[in-house]
$ cat final.cif   # mmCIF, N, CA and C atoms and all ligand atoms
data_run
loop_
_atom_site.label_atom_id
_atom_site.label_comp_id
_atom_site.auth_asym_id
_atom_site.auth_seq_id
_atom_site.Cartn_x
_atom_site.Cartn_y
_atom_site.Cartn_z
N MET A 80 0.83 -1.20 0.00
CA MET A 80 0.00 0.00 0.00
C MET A 80 0.87 1.25 0.00
N SER A 81 0.61 2.13 -0.92
CA SER A 81 1.38 3.37 -0.94
C SER A 81 0.77 4.39 0.03
N ALA A 82 1.64 5.21 0.48
CA ALA A 82 1.18 6.22 1.44
C ALA A 82 0.56 7.41 0.71
N ALA A 83 -0.70 7.34 0.53
CA ALA A 83 -1.40 8.44 -0.13
C ALA A 83 -1.58 9.59 0.84
N PRO A 84 -1.40 10.78 0.31
CA PRO A 84 -1.62 11.93 1.21
C PRO A 84 -3.08 11.99 1.64
N VAL A 85 -3.27 12.36 2.84
CA VAL A 85 -4.63 12.47 3.36
C VAL A 85 -5.10 13.91 3.20
N PHE A 86 -6.15 14.05 2.48
CA PHE A 86 -6.71 15.40 2.35
C PHE A 86 -7.85 15.56 3.34
N LEU A 87 -7.64 16.50 4.17
CA LEU A 87 -8.65 16.76 5.16
C LEU A 87 -9.71 17.65 4.52
N GLU A 88 -10.93 17.22 4.65
CA GLU A 88 -12.01 18.03 4.10
C GLU A 88 -12.15 19.29 4.94
N THR A 89 -12.13 20.43 4.27
CA THR A 89 -12.25 21.67 5.03
C THR A 89 -13.49 22.45 4.61
N PHE A 90 -13.91 23.29 5.50
CA PHE A 90 -15.09 24.11 5.27
C PHE A 90 -14.72 25.57 5.52
N LYS A 91 -15.24 26.42 4.68
CA LYS A 91 -14.92 27.84 4.82
C LYS A 91 -15.91 28.52 5.76
N CYS A 92 -15.35 29.19 6.74
CA CYS A 92 -16.19 29.91 7.69
C CYS A 92 -16.77 31.15 7.02
N HIS A 93 -18.05 31.32 7.16
CA HIS A 93 -18.73 32.45 6.53
C HIS A 93 -18.22 33.78 7.08
N TRP A 94 -17.76 33.78 8.33
CA TRP A 94 -17.40 35.04 9.00
C TRP A 94 -15.94 35.41 8.83
N CYS A 95 -15.02 34.50 9.19
CA CYS A 95 -13.61 34.88 9.09
C CYS A 95 -13.00 34.44 7.76
N GLN A 96 -13.78 33.72 6.94
CA GLN A 96 -13.33 33.30 5.61
C GLN A 96 -12.18 32.30 5.63
N LYS A 97 -11.89 31.73 6.82
CA LYS A 97 -10.80 30.76 6.90
C LYS A 97 -11.34 29.36 6.66
N HIS A 98 -10.48 28.54 6.11
CA HIS A 98 -10.86 27.15 5.91
C HIS A 98 -10.49 26.34 7.14
N ARG A 99 -11.43 25.62 7.66
CA ARG A 99 -11.21 24.85 8.89
C ARG A 99 -11.60 23.40 8.67
N PRO A 100 -10.91 22.51 9.37
CA PRO A 100 -11.35 21.10 9.28
C PRO A 100 -12.74 20.92 9.88
N LYS A 101 -13.37 19.85 9.50
CA LYS A 101 -14.77 19.65 9.84
C LYS A 101 -15.06 19.74 11.34
N PHE A 102 -14.13 19.22 12.14
CA PHE A 102 -14.42 19.20 13.58
C PHE A 102 -14.39 20.58 14.21
N ARG A 103 -13.94 21.56 13.45
CA ARG A 103 -13.88 22.92 14.00
C ARG A 103 -15.03 23.81 13.53
N VAL A 104 -15.89 23.29 12.71
CA VAL A 104 -16.97 24.14 12.21
C VAL A 104 -18.35 23.60 12.59
N HIS A 105 -19.29 24.49 12.58
CA HIS A 105 -20.68 24.12 12.82
C HIS A 105 -21.51 24.68 11.68
N LYS A 106 -22.53 23.94 11.34
CA LYS A 106 -23.44 24.42 10.31
C LYS A 106 -24.68 24.98 10.99
N LEU A 107 -24.96 26.22 10.68
CA LEU A 107 -26.11 26.86 11.28
C LEU A 107 -27.38 26.51 10.52
N GLU A 108 -28.50 26.81 11.13
CA GLU A 108 -29.77 26.53 10.48
C GLU A 108 -29.89 27.25 9.16
N SER A 109 -29.23 28.39 9.08
CA SER A 109 -29.25 29.19 7.85
C SER A 109 -28.33 28.61 6.77
N ASN A 110 -27.73 27.44 7.09
CA ASN A 110 -26.78 26.77 6.19
C ASN A 110 -25.43 27.48 6.10
N GLN A 111 -25.22 28.49 6.93
CA GLN A 111 -23.92 29.14 6.95
C GLN A 111 -22.99 28.33 7.85
N ILE A 112 -21.72 28.35 7.49
CA ILE A 112 -20.72 27.62 8.27
C ILE A 112 -20.02 28.59 9.21
N ILE A 113 -19.94 28.22 10.45
CA ILE A 113 -19.22 29.07 11.41
C ILE A 113 -18.18 28.21 12.11
N CYS A 114 -16.99 28.81 12.36
CA CYS A 114 -15.93 28.02 12.99
C CYS A 114 -15.89 28.28 14.49
N ASP A 115 -15.13 27.45 15.17
CA ASP A 115 -15.08 27.56 16.63
C ASP A 115 -14.48 28.88 17.09
N TYR A 116 -13.57 29.43 16.27
CA TYR A 116 -12.95 30.70 16.61
C TYR A 116 -13.99 31.82 16.67
N CYS A 117 -14.81 31.90 15.64
CA CYS A 117 -15.83 32.94 15.59
C CYS A 117 -16.88 32.73 16.67
N LEU A 118 -17.18 31.48 16.94
CA LEU A 118 -18.14 31.18 18.01
C LEU A 118 -17.59 31.61 19.36
N MET A 119 -16.29 31.37 19.55
CA MET A 119 -15.65 31.72 20.81
C MET A 119 -15.73 33.23 21.03
N TRP A 120 -15.50 33.99 19.96
CA TRP A 120 -15.53 35.45 20.10
C TRP A 120 -16.94 35.98 20.24
N GLN A 121 -17.89 35.29 19.64
CA GLN A 121 -19.29 35.69 19.83
C GLN A 121 -19.65 35.54 21.30
N GLN A 122 -19.20 34.44 21.90
CA GLN A 122 -19.46 34.22 23.32
C GLN A 122 -18.75 35.27 24.17
N GLN A 123 -17.51 35.57 23.76
CA GLN A 123 -16.73 36.58 24.47
C GLN A 123 -17.43 37.94 24.43
N ALA A 124 -17.98 38.29 23.25
CA ALA A 124 -18.69 39.56 23.11
C ALA A 124 -19.92 39.59 24.02
N LEU A 125 -20.59 38.46 24.11
CA LEU A 125 -21.76 38.37 24.99
C LEU A 125 -21.35 38.56 26.44
N ASP A 126 -20.22 37.94 26.81
CA ASP A 126 -19.72 38.07 28.17
C ASP A 126 -19.41 39.53 28.50
N VAL A 127 -18.80 40.21 27.52
CA VAL A 127 -18.45 41.62 27.73
C VAL A 127 -19.71 42.46 27.90
N LEU A 128 -20.71 42.19 27.07
CA LEU A 128 -21.97 42.90 27.21
C LEU A 128 -22.58 42.64 28.58
N GLY A 129 -22.29 41.48 29.12
CA GLY A 129 -22.79 41.12 30.43
C GLY A 129 -21.93 41.66 31.56
N GLY A 130 -20.86 42.37 31.21
CA GLY A 130 -20.06 43.02 32.24
C GLY A 130 -18.71 42.38 32.51
N ALA A 131 -18.37 41.33 31.80
CA ALA A 131 -17.08 40.67 32.02
C ALA A 131 -15.97 41.49 31.36
N PRO A 132 -14.75 41.45 31.91
CA PRO A 132 -13.65 42.17 31.25
C PRO A 132 -13.32 41.51 29.92
N PRO A 133 -13.08 42.32 28.89
CA PRO A 133 -12.79 41.74 27.58
C PRO A 133 -11.43 41.05 27.55
N ARG A 134 -11.32 40.06 26.72
CA ARG A 134 -10.08 39.33 26.55
C ARG A 134 -9.12 40.12 25.67
N GLY A 135 -9.67 40.91 24.77
CA GLY A 135 -8.87 41.69 23.85
C GLY A 135 -9.64 41.89 22.56
N CYS A 136 -8.90 42.27 21.52
CA CYS A 136 -9.55 42.52 20.24
C CYS A 136 -9.46 41.28 19.36
N GLN A 137 -10.57 40.91 18.80
CA GLN A 137 -10.64 39.71 17.99
C GLN A 137 -9.95 39.88 16.64
N TYR A 138 -9.83 41.13 16.20
CA TYR A 138 -9.32 41.38 14.86
C TYR A 138 -7.79 41.49 14.86
N CYS A 139 -7.23 42.34 15.73
CA CYS A 139 -5.78 42.51 15.75
C CYS A 139 -5.14 41.65 16.85
N LEU A 140 -5.97 40.99 17.67
CA LEU A 140 -5.53 40.08 18.71
C LEU A 140 -4.71 40.77 19.81
N THR A 141 -4.85 42.09 19.92
CA THR A 141 -4.22 42.80 21.02
C THR A 141 -4.97 42.47 22.31
N THR A 142 -4.22 42.15 23.34
CA THR A 142 -4.88 41.77 24.59
C THR A 142 -5.41 43.02 25.29
N TRP A 143 -6.34 42.79 26.18
CA TRP A 143 -6.95 43.86 26.95
C TRP A 143 -5.89 44.62 27.76
N GLU A 144 -4.92 43.90 28.31
CA GLU A 144 -3.86 44.54 29.10
C GLU A 144 -3.06 45.52 28.24
N VAL A 145 -2.70 45.08 27.04
CA VAL A 145 -1.91 45.93 26.14
C VAL A 145 -2.74 47.15 25.71
N LEU A 146 -4.01 46.92 25.42
CA LEU A 146 -4.87 48.03 25.01
C LEU A 146 -4.94 49.08 26.11
N LYS A 147 -5.00 48.62 27.36
CA LYS A 147 -5.07 49.56 28.49
C LYS A 147 -3.75 50.30 28.65
N GLU A 148 -2.63 49.59 28.45
CA GLU A 148 -1.32 50.21 28.57
C GLU A 148 -1.11 51.32 27.53
N ARG A 149 -1.70 51.10 26.35
CA ARG A 149 -1.54 52.08 25.27
C ARG A 149 -2.23 53.40 25.57
N SER A 150 -3.25 53.36 26.37
CA SER A 150 -3.99 54.58 26.68
C SER A 150 -4.05 54.79 28.18
N PRO A 151 -2.90 55.13 28.79
CA PRO A 151 -2.91 55.28 30.24
C PRO A 151 -3.80 56.44 30.65
N GLY A 152 -4.53 56.23 31.71
CA GLY A 152 -5.40 57.28 32.23
C GLY A 152 -6.70 57.45 31.47
N GLU A 153 -6.83 56.74 30.38
CA GLU A 153 -8.06 56.84 29.60
C GLU A 153 -8.90 55.59 29.81
N GLN A 154 -10.18 55.78 29.64
CA GLN A 154 -11.03 54.61 29.70
C GLN A 154 -11.02 53.94 28.33
N VAL A 155 -10.52 52.72 28.29
CA VAL A 155 -10.43 52.01 27.02
C VAL A 155 -11.79 51.39 26.71
N ARG A 156 -12.24 51.63 25.51
CA ARG A 156 -13.54 51.08 25.13
C ARG A 156 -13.38 49.99 24.09
N MET A 157 -14.18 48.99 24.22
CA MET A 157 -14.25 47.95 23.21
C MET A 157 -15.60 48.07 22.52
N TYR A 158 -15.66 47.59 21.32
CA TYR A 158 -16.88 47.73 20.53
C TYR A 158 -17.42 46.37 20.13
N VAL A 159 -18.65 46.17 20.42
CA VAL A 159 -19.31 44.93 20.01
C VAL A 159 -20.11 45.23 18.76
N LEU A 160 -19.72 44.57 17.70
CA LEU A 160 -20.40 44.80 16.43
C LEU A 160 -21.15 43.55 16.02
N SER A 161 -22.28 43.76 15.43
CA SER A 161 -23.03 42.64 14.91
C SER A 161 -22.72 42.49 13.44
N LYS A 162 -22.27 41.30 13.07
CA LYS A 162 -21.97 41.06 11.67
C LYS A 162 -22.68 39.79 11.21
N ASP A 163 -23.58 39.95 10.30
CA ASP A 163 -24.34 38.81 9.78
C ASP A 163 -24.89 37.93 10.89
N GLY A 164 -25.35 38.55 11.92
CA GLY A 164 -26.04 37.78 12.95
C GLY A 164 -25.20 37.30 14.11
N ILE A 165 -23.88 37.42 14.03
CA ILE A 165 -23.09 37.09 15.20
C ILE A 165 -22.35 38.33 15.68
N LEU A 166 -21.89 38.27 16.92
CA LEU A 166 -21.24 39.43 17.51
C LEU A 166 -19.73 39.32 17.40
N GLN A 167 -19.10 40.48 17.24
CA GLN A 167 -17.65 40.53 17.18
C GLN A 167 -17.18 41.60 18.16
N LEU A 168 -16.02 41.35 18.74
CA LEU A 168 -15.47 42.26 19.73
C LEU A 168 -14.21 42.92 19.17
N LEU A 169 -14.27 44.24 19.01
CA LEU A 169 -13.17 44.94 18.36
C LEU A 169 -12.68 46.11 19.20
N CYS A 170 -11.39 46.45 19.02
CA CYS A 170 -10.84 47.63 19.67
C CYS A 170 -11.16 48.86 18.84
N LYS A 171 -10.79 50.02 19.38
CA LYS A 171 -11.13 51.29 18.74
C LYS A 171 -10.53 51.39 17.33
N ASP A 172 -9.29 50.92 17.18
CA ASP A 172 -8.64 51.03 15.87
C ASP A 172 -9.28 50.12 14.84
N CYS A 173 -9.60 48.92 15.28
CA CYS A 173 -10.15 47.96 14.34
C CYS A 173 -11.58 48.28 13.96
N VAL A 174 -12.29 48.91 14.89
CA VAL A 174 -13.67 49.25 14.56
C VAL A 174 -13.69 50.24 13.40
N LYS A 175 -12.61 51.02 13.28
CA LYS A 175 -12.53 51.98 12.18
C LYS A 175 -12.32 51.26 10.85
N VAL A 176 -11.58 50.15 10.90
CA VAL A 176 -11.38 49.36 9.69
C VAL A 176 -12.72 48.84 9.18
N TYR A 177 -13.55 48.50 10.14
CA TYR A 177 -14.86 47.96 9.78
C TYR A 177 -15.85 49.06 9.44
N LEU A 178 -15.44 50.29 9.65
CA LEU A 178 -16.37 51.40 9.48
C LEU A 178 -17.11 51.44 8.14
N PRO A 179 -16.39 51.28 7.04
CA PRO A 179 -17.14 51.36 5.78
C PRO A 179 -18.30 50.38 5.75
N LYS A 180 -18.10 49.23 6.40
CA LYS A 180 -19.16 48.22 6.40
C LYS A 180 -20.24 48.52 7.43
N THR A 181 -19.83 49.18 8.51
CA THR A 181 -20.78 49.35 9.60
C THR A 181 -21.37 50.75 9.64
N ALA A 182 -20.82 51.65 8.83
CA ALA A 182 -21.27 53.04 8.89
C ALA A 182 -22.78 53.14 8.70
N GLU A 183 -23.30 52.38 7.76
CA GLU A 183 -24.73 52.43 7.48
C GLU A 183 -25.54 52.07 8.72
N LEU A 184 -25.03 51.09 9.43
CA LEU A 184 -25.72 50.60 10.62
C LEU A 184 -25.84 51.66 11.70
N TYR A 185 -24.78 52.43 11.85
CA TYR A 185 -24.71 53.32 13.00
C TYR A 185 -24.94 54.78 12.66
N LYS A 186 -25.16 55.05 11.41
CA LYS A 186 -25.41 56.42 11.00
C LYS A 186 -26.60 57.00 11.76
N GLY A 187 -26.39 58.19 12.28
CA GLY A 187 -27.50 58.83 12.97
C GLY A 187 -27.69 58.40 14.41
N THR A 188 -26.88 57.44 14.86
CA THR A 188 -26.99 57.02 16.25
C THR A 188 -25.96 57.76 17.09
N GLN A 189 -26.16 57.73 18.38
CA GLN A 189 -25.22 58.37 19.29
C GLN A 189 -23.85 57.69 19.17
N PHE A 190 -23.88 56.38 19.08
CA PHE A 190 -22.63 55.62 18.94
C PHE A 190 -21.90 56.04 17.69
N GLY A 191 -22.64 56.22 16.60
CA GLY A 191 -22.04 56.60 15.33
C GLY A 191 -21.41 57.98 15.38
N SER A 192 -22.11 58.93 15.96
CA SER A 192 -21.59 60.29 15.93
C SER A 192 -20.50 60.50 16.98
N GLU A 193 -20.66 59.91 18.15
CA GLU A 193 -19.68 60.18 19.21
C GLU A 193 -18.47 59.26 19.13
N SER A 194 -18.70 58.02 18.89
CA SER A 194 -17.59 57.06 18.93
C SER A 194 -16.94 56.87 17.59
N LEU A 195 -17.72 56.82 16.55
CA LEU A 195 -17.15 56.53 15.24
C LEU A 195 -16.95 57.79 14.41
N LYS A 196 -17.40 58.92 14.95
CA LYS A 196 -17.25 60.22 14.26
C LYS A 196 -17.89 60.22 12.89
N LEU A 197 -19.04 59.60 12.80
CA LEU A 197 -19.77 59.63 11.54
C LEU A 197 -20.48 60.95 11.41
N LEU A 198 -20.61 61.41 10.19
CA LEU A 198 -21.32 62.66 10.00
C LEU A 198 -22.78 62.38 9.63
ZN ZN A 201 -14.65 31.78 11.57
ZN ZN A 202 -8.07 45.57 17.29
#
$ encode --input "final.cif" --output "structure tokens"
Amino acid sequence: MSAAPVFLETFKCHWCQKHRPKFRVHKLESNQIICDYCLMWQQQALDVLGGAPPRGCQYCLTTWEVLKERSPGEQVRMYVLSKDGILQLLCKDCVKVYLPKTAELYKGTQFGSESLKLL
């Protein structure tokens, strides 16, 4: 028997666009594929909304401790964004990266004008 390479079947996560092996993804009722990473951060965002200290930013992976060190004396804010039905936890810098996508959502809101500086 020759040693054939084993191809692991992978599935693309609808949210982070990464390909993950089957055991790391879940299929939602909407037929969208979500991976354990995105699920973990959705749970983390929920915890933060519930008052738990954030772990850090899901996008740039900066930890909460580092984010606080960068802005001494300031209150560091994290942003929970809803993307296609799941929640994401982002720092101030990363939320700006997402701005073009989220601007429509927050236009005219207090969050939009004060935090995101939308006009
Ligand atoms: Zn994912
Ligand atoms: Zn970030």
$ residues_near_ligand --input "final.cif" --ligand "ligand ZN 201 (chain A)" --cutoff "6 Å" --atoms "all atoms listed in the file" --output "list in words"
Cys92, His93, Trp94, Cys95, Gln96, Lys97, Ile113, Cys114, Asp115, Tyr116, Cys117 and Leu118 of chain A
$ residues_near_ligand --input "final.cif" --ligand "ligand ZN 202 (chain A)" --cutoff "6 Å" --atoms "all atoms listed in the file" --output "list in words"
Cys136, Gln137, Tyr138, Cys139, Leu140, Thr141, Leu169, Cys170, Lys171, Asp172, Cys173 and Val174 of chain A
$ closest_residue --input "final.cif" --among "A:Ile112, A:Lys175, A:Phe102, A:Val145" --to "Leu160 in chain A" --atoms "only C-alpha atoms"
A:Lys175
$ atom_distance --input "final.cif" --atom1 "CA of Ala131 in chain A" --atom2 "atom N of Val155 in chain A"
14.2 Å
$ atom_distance --input "final.cif" --atom1 "CA of Lys101 in chain A" --atom2 "atom N of Leu168 in chain A"
23.5 Å
$ select_by_dssp --input "final.cif" --residues "range 143-184 of chain A" --states "alpha helix (DSSP H)" --output "list in words"
Trp143, Glu144, Val145, Leu146, Lys147, Glu148, Arg149, Lys171, Asp172, Cys173, Val174, Lys175, Val176, Leu178, Pro179, Lys180, Thr181, Ala182, Glu183 and Leu184 of chain A
$ atom_distance --input "final.cif" --atom1 "CA of Glu88 in chain A" --atom2 "CA of Arg103 in chain A"
11.2 Å
$ select_by_dssp --input "final.cif" --residues "range 80-176 of chain A" --states "strand (DSSP E or B)" --output "mmCIF file with N, CA and C atoms, in the coordinates of the input"
data_model
loop_
_atom_site.group_PDB
_atom_site.id
_atom_site.type_symbol
_atom_site.label_atom_id
_atom_site.label_comp_id
_atom_site.auth_asym_id
_atom_site.auth_seq_id
_atom_site.Cartn_x
_atom_site.Cartn_y
_atom_site.Cartn_z
ATOM 1 N N THR A 89 -12.130 20.430 4.270
ATOM 2 C CA THR A 89 -12.250 21.670 5.030
ATOM 3 C C THR A 89 -13.490 22.450 4.610
ATOM 4 N N PHE A 90 -13.910 23.290 5.500
ATOM 5 C CA PHE A 90 -15.090 24.110 5.270
ATOM 6 C C PHE A 90 -14.720 25.570 5.520
ATOM 7 N N LYS A 91 -15.240 26.420 4.680
ATOM 8 C CA LYS A 91 -14.920 27.840 4.820
ATOM 9 C C LYS A 91 -15.910 28.520 5.760
ATOM 10 N N HIS A 98 -10.480 28.540 6.110
ATOM 11 C CA HIS A 98 -10.860 27.150 5.910
ATOM 12 C C HIS A 98 -10.490 26.340 7.140
ATOM 13 N N ARG A 99 -11.430 25.620 7.660
ATOM 14 C CA ARG A 99 -11.210 24.850 8.890
ATOM 15 C C ARG A 99 -11.600 23.400 8.670
ATOM 16 N N PRO A 100 -10.910 22.510 9.370
ATOM 17 C CA PRO A 100 -11.350 21.100 9.280
ATOM 18 C C PRO A 100 -12.740 20.920 9.880
ATOM 19 N N VAL A 104 -15.890 23.290 12.710
ATOM 20 C CA VAL A 104 -16.970 24.140 12.210
ATOM 21 C C VAL A 104 -18.350 23.600 12.590
ATOM 22 N N HIS A 105 -19.290 24.490 12.580
ATOM 23 C CA HIS A 105 -20.680 24.120 12.820
ATOM 24 C C HIS A 105 -21.510 24.680 11.680
ATOM 25 N N LYS A 106 -22.530 23.940 11.340
ATOM 26 C CA LYS A 106 -23.440 24.420 10.310
ATOM 27 C C LYS A 106 -24.680 24.980 10.990
ATOM 28 N N ILE A 112 -21.720 28.350 7.490
ATOM 29 C CA ILE A 112 -20.720 27.620 8.270
ATOM 30 C C ILE A 112 -20.020 28.590 9.210
ATOM 31 N N ILE A 113 -19.940 28.220 10.450
ATOM 32 C CA ILE A 113 -19.220 29.070 11.410
ATOM 33 C C ILE A 113 -18.180 28.210 12.110
ATOM 34 N N CYS A 114 -16.990 28.810 12.360
ATOM 35 C CA CYS A 114 -15.930 28.020 12.990
ATOM 36 C C CYS A 114 -15.890 28.280 14.490
ATOM 37 N N GLY A 135 -9.670 40.910 24.770
ATOM 38 C CA GLY A 135 -8.870 41.690 23.850
ATOM 39 C C GLY A 135 -9.640 41.890 22.560
ATOM 40 N N THR A 142 -4.220 42.150 23.340
ATOM 41 C CA THR A 142 -4.880 41.770 24.590
ATOM 42 C C THR A 142 -5.410 43.020 25.290
ATOM 43 N N TYR A 158 -15.660 47.590 21.320
ATOM 44 C CA TYR A 158 -16.880 47.730 20.530
ATOM 45 C C TYR A 158 -17.420 46.370 20.130
ATOM 46 N N VAL A 159 -18.650 46.170 20.420
ATOM 47 C CA VAL A 159 -19.310 44.930 20.010
ATOM 48 C C VAL A 159 -20.110 45.230 18.760
ATOM 49 N N LEU A 160 -19.720 44.570 17.700
ATOM 50 C CA LEU A 160 -20.400 44.800 16.430
ATOM 51 C C LEU A 160 -21.150 43.550 16.020
ATOM 52 N N SER A 161 -22.280 43.760 15.430
ATOM 53 C CA SER A 161 -23.030 42.640 14.910
ATOM 54 C C SER A 161 -22.720 42.490 13.440
ATOM 55 N N LYS A 162 -22.270 41.300 13.070
ATOM 56 C CA LYS A 162 -21.970 41.060 11.670
ATOM 57 C C LYS A 162 -22.680 39.790 11.210
ATOM 58 N N ILE A 165 -23.880 37.420 14.030
ATOM 59 C CA ILE A 165 -23.090 37.090 15.200
ATOM 60 C C ILE A 165 -22.350 38.330 15.680
ATOM 61 N N LEU A 166 -21.890 38.270 16.920
ATOM 62 C CA LEU A 166 -21.240 39.430 17.510
ATOM 63 C C LEU A 166 -19.730 39.320 17.400
ATOM 64 N N GLN A 167 -19.100 40.480 17.240
ATOM 65 C CA GLN A 167 -17.650 40.530 17.180
ATOM 66 C C GLN A 167 -17.180 41.600 18.160
ATOM 67 N N LEU A 168 -16.020 41.350 18.740
ATOM 68 C CA LEU A 168 -15.470 42.260 19.730
ATOM 69 C C LEU A 168 -14.210 42.920 19.170
ATOM 70 N N LEU A 169 -14.270 44.240 19.010
ATOM 71 C CA LEU A 169 -13.170 44.940 18.360
ATOM 72 C C LEU A 169 -12.680 46.110 19.200
#
$ closest_residue --input "final.cif" --among "A:Gln189, A:Pro100, A:Met157, A:Gly152" --to "Gly130 in chain A" --atoms "only C-alpha atoms"
A:Met157
